[in-house]
Every structure is written in structure tokens, then in C-alpha cells.
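Peer 1: Dropping in my_file_27.txt, with compact mmCIF, C-alpha atoms.
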# COMPACT_ATOMS: atom_id res chain seq x y z
CA MET A 1 -100.80 -20.96 -148.94
CA THR A 2 -101.70 -19.51 -152.28
CA THR A 3 -103.05 -15.99 -152.58
CA ARG A 4 -104.02 -16.42 -156.22
CA ARG A 5 -107.08 -14.35 -157.01
CA ALA A 6 -109.79 -15.86 -159.19
CA GLU A 7 -112.15 -12.92 -159.67
CA ASP A 8 -114.50 -14.35 -162.28
CA PRO A 9 -115.64 -17.95 -161.92
CA GLN A 10 -116.90 -17.88 -165.49
CA HIS A 11 -113.24 -17.92 -166.55
CA ALA A 12 -112.33 -20.72 -164.17
CA ARG A 13 -112.31 -24.40 -165.00
CA PRO A 14 -114.46 -26.10 -162.38
CA ARG A 15 -114.48 -29.81 -161.80
CA SER A 16 -117.36 -31.48 -160.03
CA LEU A 17 -115.93 -33.95 -157.56
CA GLY A 18 -119.17 -35.59 -156.49
CA GLY A 19 -120.09 -39.20 -156.98
CA ARG A 20 -117.26 -40.74 -154.99
CA SER A 21 -117.88 -43.54 -152.55
CA GLN A 22 -117.84 -41.54 -149.33
CA ALA A 23 -117.80 -44.48 -146.95
CA GLY A 24 -114.94 -46.14 -148.79
CA ARG A 25 -112.76 -43.03 -148.79
CA GLU A 26 -113.49 -41.84 -145.27
CA ALA A 27 -111.45 -44.52 -143.54
CA ALA A 28 -108.33 -43.46 -145.45
CA VAL A 29 -108.51 -39.79 -144.52
CA THR A 30 -105.81 -38.96 -141.97
CA PRO A 31 -105.54 -35.90 -139.72
CA ALA A 32 -102.81 -34.62 -142.04
CA LEU A 33 -105.15 -34.82 -145.01
CA TRP A 34 -107.94 -33.04 -143.14
CA SER A 35 -105.41 -30.36 -142.22
CA GLU A 36 -104.48 -30.00 -145.87
CA ARG A 37 -108.15 -29.67 -146.81
CA ALA A 38 -108.65 -27.04 -144.12
CA ASP A 39 -105.63 -25.17 -145.51
CA MET A 40 -107.24 -25.22 -148.95
CA ALA A 41 -110.56 -23.97 -147.59
CA GLU A 42 -108.72 -21.14 -145.85
CA SER A 43 -106.78 -20.32 -149.01
CA ALA A 44 -110.00 -20.12 -151.04
CA ILE A 45 -111.48 -17.58 -148.61
CA VAL A 46 -108.26 -15.56 -148.58
CA SER A 47 -107.94 -15.42 -152.36
CA ARG A 48 -111.60 -14.87 -153.24
CA HIS A 49 -112.92 -12.79 -150.37
CA LEU A 50 -110.28 -10.98 -148.28
CA ARG A 51 -109.46 -7.39 -149.15
CA ALA A 52 -108.14 -4.30 -147.40
CA LEU A 53 -111.01 -2.27 -145.94
CA TRP A 54 -111.32 0.98 -147.92
CA ALA A 55 -107.63 0.63 -148.88
CA LEU A 56 -106.62 1.30 -145.27
CA PRO A 57 -103.21 -0.17 -144.35
CA GLY A 58 -103.23 -3.02 -141.85
CA THR A 59 -106.84 -3.97 -142.52
CA GLU A 60 -108.51 -7.07 -143.94
CA LEU A 61 -112.19 -7.87 -144.24
CA ALA A 62 -114.15 -10.29 -146.42
CA VAL A 63 -116.36 -9.27 -149.32
CA VAL A 64 -119.61 -11.16 -148.82
CA GLY A 65 -120.01 -12.55 -152.34
CA TRP A 66 -117.88 -14.12 -155.07
CA PRO A 67 -117.87 -12.78 -157.66
CA ALA A 68 -118.56 -9.53 -155.81
CA THR A 69 -120.88 -6.71 -156.76
CA LYS A 70 -119.56 -3.15 -156.71
CA ARG A 71 -121.46 -2.56 -153.47
CA GLU A 72 -119.88 -5.63 -151.88
CA ARG A 73 -116.37 -4.71 -153.04
CA ALA A 74 -116.79 -1.29 -151.41
CA PHE A 75 -117.94 -2.96 -148.15
CA ALA A 76 -121.27 -1.16 -148.30
CA SER A 77 -122.60 -4.66 -147.53
CA TRP A 78 -120.43 -6.45 -145.00
CA HIS A 79 -122.61 -8.47 -142.55
CA TYR A 80 -121.34 -8.11 -138.97
CA TRP A 81 -121.97 -11.68 -137.83
CA TRP A 82 -120.50 -13.32 -140.93
CA GLN A 83 -117.25 -11.49 -140.26
CA ALA A 84 -117.32 -12.70 -136.65
CA HIS A 85 -117.31 -16.27 -137.97
CA LEU A 86 -114.47 -15.34 -140.30
CA ILE A 87 -112.45 -14.44 -137.21
CA ASP A 88 -113.49 -17.73 -135.57
CA CYS A 89 -112.35 -19.73 -138.61
CA ALA A 90 -109.08 -17.80 -138.76
CA VAL A 91 -108.51 -18.73 -135.10
CA ASP A 92 -109.19 -22.39 -135.94
CA ALA A 93 -106.44 -22.29 -138.56
CA ALA A 94 -103.99 -20.55 -136.22
CA ASN A 95 -104.77 -23.08 -133.50
CA ARG A 96 -104.18 -25.97 -135.89
CA VAL A 97 -100.91 -24.66 -137.35
CA PRO A 98 -99.73 -21.42 -135.69
CA THR A 99 -97.93 -18.99 -138.01
CA PRO A 100 -97.14 -15.27 -137.78
CA VAL A 101 -99.20 -14.67 -140.94
CA ARG A 102 -102.28 -16.26 -139.40
CA ARG A 103 -101.93 -14.38 -136.14
CA LYS A 104 -101.48 -11.10 -138.00
CA ARG A 105 -104.56 -11.84 -140.12
CA ILE A 106 -106.76 -12.37 -137.06
CA GLY A 107 -105.70 -9.00 -135.65
CA ALA A 108 -106.28 -7.27 -138.98
CA ILE A 109 -109.79 -8.71 -139.36
CA ALA A 110 -110.72 -7.81 -135.77
CA ARG A 111 -109.42 -4.27 -136.26
CA SER A 112 -111.28 -3.94 -139.54
CA HIS A 113 -114.50 -5.20 -137.96
CA ARG A 114 -114.42 -2.40 -135.42
CA ILE A 115 -113.64 0.22 -138.07
CA ARG A 116 -116.33 -0.92 -140.50
CA ASN A 117 -118.93 -1.08 -137.75
CA ILE A 118 -118.48 2.72 -137.47
CA SER A 119 -119.93 2.88 -133.94
CA GLY A 120 -117.28 0.63 -132.41
CA TRP A 121 -117.66 -3.01 -131.39
CA THR A 122 -121.35 -3.21 -130.54
CA ASN A 123 -124.60 -3.02 -132.47
CA LYS A 124 -128.29 -3.45 -131.63
CA TYR A 125 -128.47 -7.23 -132.19
CA TYR A 126 -127.58 -9.42 -129.23
CA ASP A 127 -126.96 -12.46 -131.42
CA ASP A 128 -124.44 -10.53 -133.54
CA MET A 129 -122.62 -9.29 -130.46
CA ALA A 130 -122.53 -12.78 -128.95
CA TRP A 131 -120.92 -14.29 -132.05
CA LEU A 132 -118.28 -11.57 -132.07
CA ALA A 133 -117.59 -12.03 -128.37
CA ILE A 134 -117.00 -15.76 -128.91
CA ALA A 135 -114.60 -15.03 -131.77
CA LEU A 136 -112.67 -12.30 -129.93
CA GLU A 137 -112.34 -14.35 -126.75
CA ARG A 138 -110.82 -17.20 -128.76
CA ALA A 139 -108.60 -14.76 -130.68
CA GLU A 140 -107.19 -13.43 -127.42
CA ARG A 141 -106.92 -16.77 -125.62
CA ILE A 142 -105.66 -18.98 -128.43
CA ALA A 143 -103.82 -16.60 -130.75
CA GLY A 144 -102.76 -13.90 -128.29
CA VAL A 145 -104.42 -11.15 -130.30
CA THR A 146 -104.34 -8.07 -128.08
CA GLU A 147 -106.78 -6.14 -130.31
CA ALA A 148 -109.53 -8.37 -128.93
CA ARG A 149 -109.43 -7.08 -125.35
CA SER A 150 -111.21 -3.76 -125.94
CA GLY A 151 -113.89 -5.58 -127.90
CA LEU A 152 -114.54 -8.05 -125.11
CA ILE A 153 -114.87 -5.28 -122.57
CA ALA A 154 -117.40 -3.52 -124.79
CA LEU A 155 -119.41 -6.66 -125.59
CA GLU A 156 -119.58 -8.38 -122.21
CA LYS A 157 -121.69 -5.67 -120.56
CA PRO A 158 -124.66 -5.61 -122.99
CA LEU A 159 -124.71 -9.41 -123.22
CA TYR A 160 -124.85 -9.69 -119.43
CA ASP A 161 -127.17 -6.76 -118.76
CA GLY A 162 -129.62 -7.66 -121.55
CA TRP A 163 -130.96 -10.63 -119.57
CA ASN A 164 -134.64 -9.95 -118.89
CA PRO A 165 -136.37 -12.41 -116.52
CA ALA A 166 -139.07 -9.83 -115.72
CA VAL A 167 -141.05 -10.86 -118.82
CA GLY A 168 -140.05 -14.53 -118.73
CA GLY A 169 -136.81 -14.20 -120.78
CA GLY A 170 -134.14 -14.64 -121.82
CA LEU A 171 -131.98 -12.33 -123.86
CA PRO A 172 -133.90 -10.68 -126.69
CA TRP A 173 -132.80 -11.06 -130.27
CA ARG A 174 -132.44 -7.29 -130.64
CA ILE A 175 -132.39 -4.40 -128.20
CA GLY A 176 -135.99 -3.49 -127.39
CA ALA A 177 -137.50 -6.51 -129.16
CA ASP A 178 -140.12 -8.86 -127.73
CA TYR A 179 -138.54 -11.92 -129.37
CA TYR A 180 -136.28 -14.09 -127.23
CA ASN A 181 -134.53 -16.76 -129.22
CA ALA A 182 -131.93 -19.52 -129.23
CA PRO A 183 -129.61 -17.73 -131.70
CA ALA A 184 -129.14 -14.95 -129.13
CA ASN A 185 -129.17 -16.91 -125.87
CA GLY A 186 -127.07 -19.86 -127.05
CA PRO A 187 -123.96 -17.99 -128.22
CA ALA A 188 -124.34 -15.40 -125.46
CA ALA A 189 -124.26 -18.20 -122.89
CA ILE A 190 -121.10 -19.63 -124.47
CA ALA A 191 -119.44 -16.21 -124.57
CA LEU A 192 -120.37 -15.32 -121.00
CA LEU A 193 -119.26 -18.70 -119.67
CA ARG A 194 -115.86 -18.24 -121.30
CA LEU A 195 -115.67 -14.74 -119.83
CA GLY A 196 -116.21 -16.08 -116.31
CA ARG A 197 -119.95 -15.43 -115.99
CA GLN A 198 -120.86 -19.03 -115.20
CA ALA A 199 -124.02 -18.34 -113.18
CA ARG A 200 -125.58 -16.32 -116.01
CA ALA A 201 -124.58 -18.96 -118.56
CA GLU A 202 -126.33 -21.60 -116.43
CA GLU A 203 -129.44 -19.42 -116.25
CA MET A 204 -129.45 -19.10 -120.02
CA ALA A 205 -128.98 -22.84 -120.56
CA ASP A 206 -131.80 -23.63 -118.13
CA TRP A 207 -134.06 -21.08 -119.85
CA LEU A 208 -133.34 -22.55 -123.29
CA ASP A 209 -134.09 -26.08 -122.10
CA ALA A 210 -137.28 -25.10 -120.27
CA THR A 211 -138.63 -22.70 -122.88
CA LEU A 212 -137.52 -23.76 -126.36
CA ARG A 213 -136.99 -27.53 -126.27
CA ASP A 214 -139.67 -29.24 -128.34
CA PRO A 215 -141.04 -32.10 -126.17
CA GLU A 216 -141.94 -34.13 -129.25
CA THR A 217 -138.65 -34.09 -131.16
CA GLY A 218 -136.21 -32.99 -128.46
CA LEU A 219 -134.89 -30.28 -130.79
CA ILE A 220 -134.49 -26.63 -129.89
CA LEU A 221 -137.08 -24.31 -131.44
CA ASP A 222 -136.18 -20.87 -132.71
CA GLY A 223 -137.72 -18.50 -130.16
CA ILE A 224 -140.60 -17.08 -128.19
CA HIS A 225 -142.38 -13.72 -128.09
CA LEU A 226 -142.68 -12.38 -124.56
CA PRO A 227 -144.72 -11.67 -122.61
CA SER A 228 -147.33 -13.08 -125.07
CA GLY A 229 -145.77 -16.56 -124.97
CA GLU A 230 -146.14 -17.17 -128.71
CA ILE A 231 -143.47 -19.64 -129.82
CA GLU A 232 -142.03 -19.61 -133.33
CA ARG A 233 -141.38 -23.24 -134.20
CA PRO A 234 -138.85 -23.35 -137.05
CA VAL A 235 -135.94 -25.70 -136.32
CA TYR A 236 -132.50 -24.47 -137.38
CA SER A 237 -129.32 -26.49 -137.16
CA TYR A 238 -127.31 -23.73 -135.51
CA CYS A 239 -129.76 -23.54 -132.61
CA GLN A 240 -128.91 -27.16 -131.85
CA GLY A 241 -125.20 -26.43 -132.19
CA VAL A 242 -125.01 -23.62 -129.68
CA VAL A 243 -127.09 -25.49 -127.11
CA LEU A 244 -124.86 -28.56 -127.50
CA GLY A 245 -121.88 -26.25 -127.04
CA VAL A 246 -122.98 -24.47 -123.89
CA GLU A 247 -124.32 -27.63 -122.24
CA THR A 248 -121.04 -29.44 -122.92
CA GLU A 249 -118.97 -26.63 -121.46
CA LEU A 250 -121.27 -26.37 -118.44
CA ALA A 251 -120.90 -30.12 -117.93
CA VAL A 252 -117.13 -29.60 -117.79
CA HIS A 253 -117.34 -26.58 -115.45
CA THR A 254 -120.06 -27.78 -113.07
CA GLY A 255 -120.01 -31.58 -113.16
CA ALA A 256 -123.82 -31.44 -112.96
CA PRO A 257 -125.43 -34.53 -114.54
CA LYS A 258 -128.27 -32.47 -116.08
CA HIS A 259 -125.91 -30.89 -118.61
CA VAL A 260 -124.54 -34.23 -119.79
CA GLU A 261 -128.08 -35.60 -120.01
CA ARG A 262 -129.18 -32.63 -122.12
CA VAL A 263 -126.28 -33.15 -124.52
CA HIS A 264 -127.15 -36.84 -124.85
CA ARG A 265 -130.82 -36.11 -125.53
CA LEU A 266 -130.19 -33.31 -128.02
CA LEU A 267 -127.45 -35.21 -129.84
CA GLY A 268 -129.87 -38.10 -130.35
CA ALA A 269 -132.50 -35.69 -131.68
CA VAL A 270 -130.00 -34.18 -134.13
CA GLU A 271 -129.02 -37.64 -135.37
CA GLU A 272 -132.64 -38.66 -135.83
CA HIS A 273 -134.12 -35.53 -137.34
CA LEU A 274 -131.31 -33.47 -138.91
CA THR A 275 -129.03 -36.00 -140.61
CA THR A 276 -129.28 -38.50 -143.46
CA ARG A 277 -126.76 -41.36 -143.44
CA GLY A 278 -124.78 -39.33 -140.94
CA VAL A 279 -124.59 -36.16 -143.06
CA VAL A 280 -126.21 -32.95 -141.82
CA ASN A 281 -129.31 -32.24 -143.92
CA GLY A 282 -130.02 -29.35 -146.23
CA GLY A 283 -128.46 -25.94 -146.11
CA SER A 284 -128.99 -22.62 -147.80
CA GLY A 285 -127.25 -19.34 -148.54
CA GLY A 286 -127.46 -15.92 -146.94
CA ASP A 287 -127.51 -16.06 -143.15
CA GLY A 288 -128.56 -19.70 -143.41
CA GLY A 289 -125.25 -20.54 -145.07
CA LEU A 290 -123.60 -20.47 -141.64
CA PHE A 291 -126.11 -22.66 -139.84
CA ASN A 292 -124.72 -26.13 -140.62
CA GLY A 293 -121.13 -25.02 -140.13
CA ILE A 294 -121.99 -23.79 -136.64
CA LEU A 295 -123.61 -27.13 -135.84
CA ALA A 296 -120.45 -28.91 -137.02
CA ARG A 297 -118.24 -26.65 -134.89
CA TYR A 298 -120.12 -27.51 -131.71
CA LEU A 299 -120.50 -31.20 -132.56
CA ALA A 300 -116.71 -31.25 -132.66
CA LEU A 301 -116.67 -29.54 -129.26
CA VAL A 302 -118.97 -32.28 -127.89
CA ALA A 303 -116.64 -34.92 -129.35
CA LEU A 304 -113.58 -33.34 -127.76
CA MET A 305 -114.89 -32.04 -124.44
CA LEU A 306 -117.95 -33.95 -123.20
CA PRO A 307 -116.87 -35.37 -119.83
CA GLY A 308 -117.42 -38.92 -118.63
CA ASP A 309 -115.59 -42.25 -118.88
CA ASP A 310 -118.61 -44.51 -119.13
CA ALA A 311 -119.73 -46.25 -122.30
CA ALA A 312 -122.66 -43.89 -122.86
CA ARG A 313 -120.47 -40.78 -122.86
CA GLU A 314 -117.92 -42.46 -125.09
CA ALA A 315 -120.74 -43.32 -127.50
CA ASP A 316 -121.95 -39.71 -127.46
CA ARG A 317 -118.49 -38.36 -128.25
CA ARG A 318 -118.06 -40.82 -131.10
CA ALA A 319 -121.55 -40.11 -132.45
CA ALA A 320 -120.85 -36.38 -132.56
CA ALA A 321 -117.51 -36.99 -134.29
CA ALA A 322 -119.12 -39.35 -136.79
CA ILE A 323 -121.58 -36.67 -137.95
CA VAL A 324 -118.71 -34.24 -138.43
CA ARG A 325 -116.62 -36.75 -140.39
CA ALA A 326 -119.49 -37.94 -142.58
CA SER A 327 -120.56 -34.37 -143.34
CA ALA A 328 -117.00 -33.29 -144.13
CA THR A 329 -116.45 -36.30 -146.36
CA ALA A 330 -119.64 -35.52 -148.27
CA ALA A 331 -118.89 -31.80 -148.54
CA TRP A 332 -115.40 -32.47 -149.84
CA ALA A 333 -116.61 -35.06 -152.34
CA ASN A 334 -119.29 -32.66 -153.62
CA ARG A 335 -117.14 -29.53 -153.84
CA LEU A 336 -116.10 -27.87 -157.06
CA ASP A 337 -112.41 -27.42 -157.76
CA VAL A 338 -111.92 -23.88 -159.08
CA GLU A 339 -108.33 -23.05 -160.03
CA GLY A 340 -107.07 -25.54 -157.48
CA GLU A 341 -109.21 -24.30 -154.60
CA PRO A 342 -112.46 -25.71 -153.22
CA LEU A 343 -115.89 -24.16 -153.66
CA PHE A 344 -118.26 -25.84 -151.21
CA GLY A 345 -121.92 -26.50 -151.83
CA HIS A 346 -124.63 -25.04 -149.66
CA ASN A 347 -125.99 -28.59 -149.25
CA TRP A 348 -123.10 -30.86 -148.33
CA GLY A 349 -124.90 -33.93 -149.66
CA LYS A 350 -125.24 -32.57 -153.22
CA PRO A 351 -122.77 -31.34 -155.87
CA ALA A 352 -121.86 -27.67 -155.57
CA THR A 353 -123.03 -25.17 -158.19
CA LEU A 354 -120.71 -22.58 -159.73
CA PRO A 355 -121.93 -18.97 -159.45
CA GLY A 356 -122.35 -17.51 -162.92
CA GLY A 357 -121.81 -13.85 -162.08
CA ILE A 358 -123.02 -11.06 -159.82
CA ALA A 359 -126.74 -11.30 -160.70
CA GLY A 360 -129.00 -12.43 -157.89
CA ALA A 361 -126.92 -11.23 -154.95
CA GLY A 362 -128.45 -11.63 -151.50
CA ARG A 363 -130.12 -8.67 -149.82
CA PHE A 364 -131.20 -7.44 -146.41
CA THR A 365 -134.80 -8.09 -145.38
CA PRO A 366 -136.80 -5.50 -143.40
CA GLY A 367 -136.25 -7.67 -140.33
CA GLY A 368 -132.47 -7.42 -140.64
CA SER A 369 -131.61 -10.89 -141.96
CA VAL A 370 -129.73 -11.56 -145.21
CA THR A 371 -131.31 -13.61 -147.99
CA SER A 372 -129.48 -16.16 -150.10
CA SER A 373 -127.91 -15.28 -153.40
CA ARG A 374 -129.60 -16.88 -156.39
CA VAL A 375 -126.71 -19.36 -156.40
CA PRO A 376 -126.02 -19.85 -152.67
CA GLU A 377 -122.41 -20.91 -153.29
CA ARG A 378 -121.44 -17.30 -154.06
CA ASP A 379 -122.16 -16.33 -150.45
CA LEU A 380 -119.27 -15.97 -148.02
CA SER A 381 -121.45 -17.65 -145.39
CA VAL A 382 -121.59 -20.91 -147.36
CA GLN A 383 -117.82 -20.98 -147.89
CA LEU A 384 -117.14 -20.16 -144.23
CA SER A 385 -119.31 -23.15 -143.28
CA GLY A 386 -117.20 -25.35 -145.53
CA TRP A 387 -114.01 -24.07 -143.92
CA MET A 388 -115.51 -24.49 -140.44
CA LEU A 389 -116.42 -28.08 -141.32
CA MET A 390 -112.92 -28.93 -142.54
CA GLU A 391 -111.41 -27.54 -139.33
CA ALA A 392 -113.91 -29.55 -137.27
CA ALA A 393 -113.08 -32.72 -139.19
CA TYR A 394 -109.40 -32.16 -138.53
CA GLN A 395 -110.06 -31.68 -134.81
CA VAL A 396 -112.02 -34.90 -134.34
CA SER A 397 -109.64 -36.87 -136.56
CA ALA A 398 -106.59 -35.60 -134.69
CA ALA A 399 -108.27 -36.69 -131.45
CA GLY A 400 -108.59 -40.23 -132.81
CA LEU A 401 -112.39 -40.05 -133.08
What does this structure look like when you write it as C-alpha cells?

Peer 2:
Amino acid sequence: MTTRRAEDPQHARPRSLGGRSQAGREAAVTPALWSERADMAESAIVSRHLRALWALPGTELAVVGWPATKRERAFASWHYWWQAHLIDCAVDAANRVPTPVRRKRIGAIARSHRIRNISGWTNKYYDDMAWLAIALERAERIAGVTEARSGLIALEKPLYDGWNPAVGGGLPWRIGADYYNAPANGPAAIALLRLGRQARAEEMADWLDATLRDPETGLILDGIHLPSGEIERPVYSYCQGVVLGVETELAVHTGAPKHVERVHRLLGAVEEHLTTRGVVNGGSGGDGGLFNGILARYLALVALMLPGDDAAREADRRAAAAIVRASATAAWANRLDVEGEPLFGHNWGKPATLPGGIAGAGRFTPGGSVTSSRVPERDLSVQLSGWMLMEAAYQVSAAGL
């Protein structure tokens, strides 16, 4: 894997690779080719984004923009939950082709995450902590990264104890908040299930289905204020992803038909409302840059893990895999090639745009979210989604789906 550093995209020679016949090329893409594409996505993140944290030996963390501002290069901006998905992607690569370099990188990123967070592993946002718990559990289980154990011990307790049925919740988005949402409860349920807290994960899944499923579309809404009961109705792709993920894993663990039925219903809603010709719709930068990649990750999980030998379950697995493959084919066709490495677009169905410099970097909002850069492709989140998608495409292709 190359570690060539391309600091200034203005000096690169990009090639737009859009306009190919996606359907015609998709059939020829083998698992080996998807693996190669995932390698290239990984290499692009390594060369453009990974740096030692504050020049400390044995550390690696990702700058959140490319090209990076001075503030970003100094890790004054670092975005806790983006780095959690960096760990998750690094685990994907190590799971696909294990190497000592990849295993070492996972440990270095996890260690750097704890150092940069200053206060240890936790923060005040339950969704952030849930994403990190998922990543660390996989790092320990799949890659044998011992640095993850202390993090999991620290994270499991607040994720479990934050459950608040007294007001009708749910796990709040943030400690002390009145907003109970899918982006906190979905990943927390996945993390807790993988940590052996099956009963709580089932409670969370049941709460999500009863409280945030839109009866008209079948999609999962963002969240609800409690105890007022005011629902916020935006639909985000990652909310669908995490619910598909936890329901699939609960179907495996419990054998209960309700979990399989929920996956079937939500998968159909995603196909109908969130895809065009099989490709996941839209996309943005900032925090939103991760949303479609997360959906792709858990669609791949549905394709690989949803239990059942009947024709309906087989159709569900193939439908989930088809969205992943179509989206990955589109994203690859629409990438830019910058010094031999891919730059993915924020919208997989449209040609990627080259960032022109550091102007227009994303920023924190008063509510704690991160806005998109003026050119979303400069955001680490967008490129992590592209990497996540390539790894997902490899997984479903390697499974023969």
C-alpha cells in the first residue's frame, strides 16, 4: 500500500471517472477487484489523512479535512465519532486481509483516540460512545487489539445505565438531554448486544420500532422529545442502517420472527424511498458524510447474516447485497483519481468534486454537530463512507451475493 502524501489537490491531476455504464461493468467485478478497490480507498485515507497525534510516538489519528487547515493539522478539530468509524474501517481491512501493519494501525488509532479525548474514553454524547464501543469491540474480537478492552469497560456502563424508561425512553442523544433518537439507540443496541447485554438490546429495538417507525413509509424517524412526545421527522439513511443491523443480529440470537419481519419491512422501505436504480440517494459532508456509508455497512450485514432458508429471506439478502453493489459501482465510477488514489463523491450517483483548498472548512454548530465543508469531498467523513462502501461491496461479493 502506498503512503504517498498528496497535500495539495490543486497540484494533483484529477481524472473524472464518471459516465461509465455501471450495469455493464458490475457483472465483471470480482471479489478480488473489490478487495483491490478497498485497498485503494484505505491507502487514500492513510496518505491524505493519517498523522501522528501531536508528534507522539506510536500514535495515529486522522485530520478531518483534505487539504487540512492549520487547526485540523494540530488536531484542535478531530471529531470523536468520525475517528470511531476510522477504527471500524481499519478493522474491515484487517479482517479482509490481515497484516501486522493493519493490526498495529488499529491499536495506534484506538490509543490516540483515548489520548486526544483528554478525559479518557467517554464523552457526554451517547451516540458517540456507542459508535466507539462498536469499533473497539470489533477491534478486540477480530483483530486482537488489546488496547480496546479498557475502552469497552469504560463505555459499556454509561450505554447500559443511560436507558431511561421512566419518561418513555430510550437512551438520550446526550447526557441530560430530552431528545431520544435512533442515532443513539441503534448503535448502542448493536454495541450492547455484542457485549452480551441481549435483553437491553431487545428493549432498545422494540422501543425504536414502537416509537420511531413512520407508519406511512416504514422508515425510521430521527427522534422524539420526552416526556413531551414531540417527534422530529427527518429521515436519515444511517438510522435505517443501524436498525437493520440490530434487528438482523437479534434475529440470529433469538430466532424470534418479529426481528426478521422488521428487517424485511424496513429493507423494502429503504429500497422504495432511499434508492434510485438501486443506488443509495443523496449524501452530504460534515457529519452527514458518514450516513450512507453506515447504511451500506449494515446492508452488507443483512446480506451476510439474516437467517432463514426460505425464498423470502433469500430475496431479502440478495436485495440488501444488490443495493451495496449498485452503490459501490456508482461511487467507483464517479470517483476522481488523484495521484493514483480515489477521491469519492459525497453523492455516489454524481461525479466527485475536487476540493480547491482550505477555504470553507466545516464547523461545529451550537448543538454539537459538524457542518459540511463547502466542497463536501474534503471531509474525512465522506472518504470514510467511500472506504466503508468498498469494504461492504467486497464482503457481499466474496459471499457470492

Peer 1: To one decimal in Å, tell me the separation between CA of Gly356 in chain A and CA of Ser381 in chain A.

Peer 2: 17.6 Å

Peer 1: Counting all atoms listed in the file, find residues at most 12 Å from (-121.8, -1.3, -145.9) (file frame) and give them as a short mmCIF file (atom, residue, chain, number, x, y, z; two decimals) with C-alpha atoms, in the coordinates of the input.

Peer 2:
data_model
loop_
_atom_site.label_atom_id
_atom_site.label_comp_id
_atom_site.auth_asym_id
_atom_site.auth_seq_id
_atom_site.Cartn_x
_atom_site.Cartn_y
_atom_site.Cartn_z
CA LEU A 53 -111.01 -2.27 -145.94
CA TRP A 54 -111.32 0.98 -147.92
CA LEU A 61 -112.19 -7.87 -144.24
CA ALA A 62 -114.15 -10.29 -146.42
CA VAL A 63 -116.36 -9.27 -149.32
CA VAL A 64 -119.61 -11.16 -148.82
CA LYS A 70 -119.56 -3.15 -156.71
CA ARG A 71 -121.46 -2.56 -153.47
CA GLU A 72 -119.88 -5.63 -151.88
CA ARG A 73 -116.37 -4.71 -153.04
CA ALA A 74 -116.79 -1.29 -151.41
CA PHE A 75 -117.94 -2.96 -148.15
CA ALA A 76 -121.27 -1.16 -148.30
CA SER A 77 -122.60 -4.66 -147.53
CA TRP A 78 -120.43 -6.45 -145.00
CA HIS A 79 -122.61 -8.47 -142.55
CA TYR A 80 -121.34 -8.11 -138.97
CA HIS A 113 -114.50 -5.20 -137.96
CA ILE A 115 -113.64 0.22 -138.07
CA ARG A 116 -116.33 -0.92 -140.50
CA ASN A 117 -118.93 -1.08 -137.75
CA ILE A 118 -118.48 2.72 -137.47
CA ARG A 363 -130.12 -8.67 -149.82
CA PHE A 364 -131.20 -7.44 -146.41
#

Peer 1: Using only C-alpha atoms, can you tell me which of A:Glu140, A:Asp214, A:Asp127, A:Glu60 comes closest to Ala94 in chain A?

Peer 2: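 Checking each candidate against Ala94 in chain A, we get A:Glu140 as the closest.
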
Peer 1: Hey, which bits of range 226-276 of chain A sit within 8 Å of range 186-206 of chain A, and for each residue what's the closest pair of atoms and how far apart in Å (one decimal), counting all atoms listed in the file, rows by chain and increasing number, as JSON lines?

Peer 2:
{"residue": "A:Cys239", "atom": "CA", "partner": "A:Gly186", "partner_atom": "CA", "distance": 7.2}
{"residue": "A:Val242", "atom": "CA", "partner": "A:Gly186", "partner_atom": "CA", "distance": 5.0}
{"residue": "A:Val243", "atom": "CA", "partner": "A:Gly186", "partner_atom": "CA", "distance": 5.6}
{"residue": "A:Gly245", "atom": "CA", "partner": "A:Ile190", "partner_atom": "CA", "distance": 7.1}
{"residue": "A:Val246", "atom": "CA", "partner": "A:Ile190", "partner_atom": "CA", "distance": 5.2}
{"residue": "A:Glu247", "atom": "CA", "partner": "A:Ala205", "partner_atom": "CA", "distance": 6.9}
{"residue": "A:Glu249", "atom": "CA", "partner": "A:Ile190", "partner_atom": "CA", "distance": 7.9}
{"residue": "A:Leu250", "atom": "CA", "partner": "A:Glu202", "partner_atom": "CA", "distance": 7.2}

Peer 1: Give the answer as one residue: which of A:Thr30, A:Ala326, A:Ser385, A:Pro67 has the shortest atom-to-atom distance to Ser47 in chain A, using all atoms listed in the file?

Peer 2: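 So, comparing all the options, the nearest one is A:Pro67.
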